[in-house]
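First up is the structure itself, then whatever we jot down about it.
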Amino acid sequence: IQLAHAGRKASSIIPWRGSFNETETERPVVGFEEWTPVAPSAVRHMASSKLPEALNRDGMARVRDGFAAAARRALAAGFDVVELHSAHGYLLNQFLSPVANKRDDDYGGSIENRMRFPLEVAAAVRAAWPKDKPLFARISVTDWIEGGNDVADSVAYSKALKALGYDLIHCSSGGFDGARPQIGPLYQVPFAEAVRRGADIPTAAVGLITTPQEAEEIVAAGRADLVALARPALHEPNWPLHAQRLLDPGSNYDAWPKQSGYAVRAMDMALGRGR
């Protein structure tokens with residue numbers, strides 16, 4: 001499970017609806033209303049975004065404790081892995097990035113100061129989560145904005161997370177208005193490789209990795225230790241099972257649900273590619 005706080009990106013419309021409530025009759029049921037979000041500084045995400053309230057020390061403590069409480073709930077609910085989301089322009093990423101963090105106290109300015117609060121949250125989550133269960137952190141390795149967070153900043157943050165006992169860094173990028181990403185197949189894999197080598201910690205690569213062959217080559221070449229899927233898995237929920245069939249043609253169908261595995265095996269046998 002991924003633990004996140006949207007920060008100044010909260011109190012926004014539902015993307016697939018285009019508004020808070022699609023119709024007035026939905027309002028009593030759905031109940032979405034605007035509210036004042038919080039952030040490291042009173043700076044809007046976009047010109048059309050609601051102006052956030054800058055967090056004071058008490059507010060930061062509440063957020064930190066909320067993350068720790070969420071980790072404890074995740075454990076009680078039976079989750080096996082927790083991932084701390086500090087990427088994509090959400091609250092912890094807002095503290096990390098000079099794009100959103102304009103503070104002049106101990107939590108703003110240098111990278112050491114900007115990562116201070118995210119690391120306080122990370123330490124609280126680490127204390128709440130068992131050491132024998134995997135604990136990941138997701139980061140935006142670059143903001144894709146001049147003067148924003150860069151690879152060197154992210155390597156420093158990843159080293160600090162490793163020192164706290166985090167097991168893996170999930171390497172994404174971007175999340176702020178004005179970003180100019182250079183998008184293409186495997187475009188974020190170099191970030192996972194840079195953090196893996198620079199911070200000496202396992203990493204996950206993500207972003208337009210769509211085929212099993214691509215995923216296999218990334219791991220086999222030592223560019224990352226895991227490959228993460230989001231939209232490919234939404235498009236094809238059985239992606240890992242199809243990858244097994246493609247990369248290991250001699251494998252059986254035990255990983256499939258019994259009914260569908262029986263049917264898929266019959267199809268493969270009819271096509272001369274199963275056993």
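Identifiers in the structure tokens: chain A, B, ... in order shown; residue index from 1 per chain; ligand index from 1 in order shown.
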Env of region 97-107 of chain A: 8 Å cut, atoms = only C-alpha atoms, seq-sep filter 2 positions within chain, self excluded. Answer as a ChimeraX atom specification.
/A:40-41,43,45,93-95,109,113-117,143,147-149,176
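Nearest to Phe136 (chain A) of all the residues A:Lys159, A:Lys50, A:Arg72, A:His85 is A:His85, counting only C-alpha atoms.
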Please give the complete set of residues from region 6-155 of chain A that DSSP, run on the backbone, assigns to alpha helix (DSSP H), formatted as a PyMOL selection string.
chain A and resi 27-30+57-77+91-96+111-114+116-128+151-155
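If only C-alpha atoms are the atoms counted, then among A:Gly108, A:Gly198, A:Gly175, A:Pro52 the closest residue to Ala152 (chain A) is A:Gly198.
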Show which residues sit within 12 Å of region 242-259 of chain A, as a tab-separated table (two decimals) with N, CA and C atoms, in the first residue's frame. Count only C-alpha atoms, and ignore same-chain residues fewer than 6 positions away.
```
chain	number	residue	atom	x	y	z
A	210	THR	N	6.43	-1.35	-21.05
A	210	THR	CA	5.17	-1.98	-21.44
A	210	THR	C	5.28	-3.45	-21.82
A	211	THR	N	6.48	-3.93	-22.14
A	211	THR	CA	6.60	-5.32	-22.57
A	211	THR	C	7.41	-6.13	-21.57
A	212	PRO	N	7.14	-7.43	-21.48
A	212	PRO	CA	7.94	-8.28	-20.60
A	212	PRO	C	9.42	-8.27	-20.95
A	213	GLN	N	9.72	-8.19	-22.25
A	213	GLN	CA	11.13	-8.17	-22.66
A	213	GLN	C	11.85	-6.95	-22.12
A	214	GLU	N	11.18	-5.79	-22.17
A	214	GLU	CA	11.79	-4.57	-21.62
A	214	GLU	C	12.06	-4.73	-20.13
A	215	ALA	N	11.08	-5.24	-19.41
A	215	ALA	CA	11.24	-5.41	-17.97
A	215	ALA	C	12.39	-6.36	-17.65
A	216	GLU	N	12.45	-7.47	-18.37
A	216	GLU	CA	13.50	-8.46	-18.15
A	216	GLU	C	14.88	-7.87	-18.42
A	217	GLU	N	15.01	-7.11	-19.49
A	217	GLU	CA	16.30	-6.53	-19.85
A	217	GLU	C	16.77	-5.51	-18.81
A	232	PRO	N	0.05	-0.17	-17.59
A	232	PRO	CA	0.01	-1.48	-18.26
A	232	PRO	C	-0.80	-2.52	-17.48
A	233	ALA	N	-0.75	-2.45	-16.14
A	233	ALA	CA	-1.52	-3.40	-15.34
A	233	ALA	C	-3.01	-3.07	-15.36
A	236	GLU	N	-4.05	-4.40	-18.73
A	236	GLU	CA	-4.06	-5.86	-18.77
A	236	GLU	C	-3.72	-6.39	-17.37
A	265	ARG	N	-4.51	-22.65	-20.96
A	265	ARG	CA	-3.69	-23.79	-21.36
A	265	ARG	C	-4.29	-24.48	-22.58
A	266	ALA	N	-5.61	-24.65	-22.58
A	266	ALA	CA	-6.27	-25.27	-23.73
A	266	ALA	C	-6.05	-24.45	-25.00
A	267	MET	N	-6.12	-23.12	-24.88
A	267	MET	CA	-5.87	-22.27	-26.03
A	267	MET	C	-4.44	-22.42	-26.52
A	268	ASP	N	-3.47	-22.40	-25.59
A	268	ASP	CA	-2.07	-22.54	-25.98
A	268	ASP	C	-1.81	-23.89	-26.63
A	269	MET	N	-2.42	-24.94	-26.10
A	269	MET	CA	-2.25	-26.26	-26.69
A	269	MET	C	-2.79	-26.29	-28.11
A	272	GLY	N	-0.42	-24.79	-30.40
A	272	GLY	CA	0.87	-25.45	-30.46
A	272	GLY	C	1.96	-24.76	-29.67
A	273	ARG	N	1.59	-23.99	-28.63
A	273	ARG	CA	2.61	-23.28	-27.86
A	273	ARG	C	2.52	-23.59	-26.37
A	274	GLY	N	1.79	-24.59	-25.99
A	274	GLY	CA	1.66	-24.95	-24.58
A	274	GLY	C	2.09	-26.37	-24.34
A	275	ARG	N	1.90	-26.81	-23.10
A	275	ARG	CA	2.21	-28.20	-22.77
A	275	ARG	C	1.30	-28.67	-21.63
```
Of the residues A:Cys171, A:Ala156, A:Leu241, A:Ala61, which is the one nearest to Gly207 (chain A), using only C-alpha atoms?
A:Cys171
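Nearest residue to Val206 (chain A) among A:Ile218, A:Leu119, A:Leu229, A:Ala194 is A:Leu229, counting only C-alpha atoms.
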If we count only C-alpha atoms and set the cut-off at 10 Å, which residues sit around Pro181 (chain A), ignoring sequence neighbours fewer than 6 positions away in its own chain? Please answer as a list in words.
Thr142, Asp143, Trp144, Ile145, Ser173, Gly174, Gly175, Tyr187 and Gln188 of chain A
Skipping near chain neighbours, those fewer than 2 positions away, what residues fall within 7 Å of region 219-224 of chain A using only C-alpha atoms, listed as a list in words?
Ala192, Glu193, Arg196, Pro202, Thr203, Ala204, Ala205, Ala215, Glu216, Glu217 and Leu226 of chain A
Check the DSSP output for the backbone and give back, as a PyMOL selection string, the residues of region 89-161 of chain A in strand (DSSP E).
chain A and resi 135-140
Suppose we keep C-alpha atoms; can you now write the selection as an mmCIF file, in the first residue's frame?
```cif
data_model
loop_
_atom_site.group_PDB
_atom_site.id
_atom_site.type_symbol
_atom_site.label_atom_id
_atom_site.label_comp_id
_atom_site.auth_asym_id
_atom_site.auth_seq_id
_atom_site.Cartn_x
_atom_site.Cartn_y
_atom_site.Cartn_z
ATOM 1 C CA LEU A 135 9.497 -0.628 3.231
ATOM 2 C CA PHE A 136 9.819 1.398 0.024
ATOM 3 C CA ALA A 137 9.882 5.112 -0.792
ATOM 4 C CA ARG A 138 8.742 6.648 -4.058
ATOM 5 C CA ILE A 139 10.582 9.738 -5.273
ATOM 6 C CA SER A 140 10.640 12.095 -8.235
#
```
Residue contacts of Lys133 (chain A) (9 Å, only C-alpha atoms) excluding same-chain residues fewer than 6 positions away, as an NGL selection string:
:A and (80-82)
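With distances restricted to only C-alpha atoms, A:Val125 is the closest residue to Arg64 (chain A) from A:Val125, A:Ala270, A:Val141, A:Ala42.
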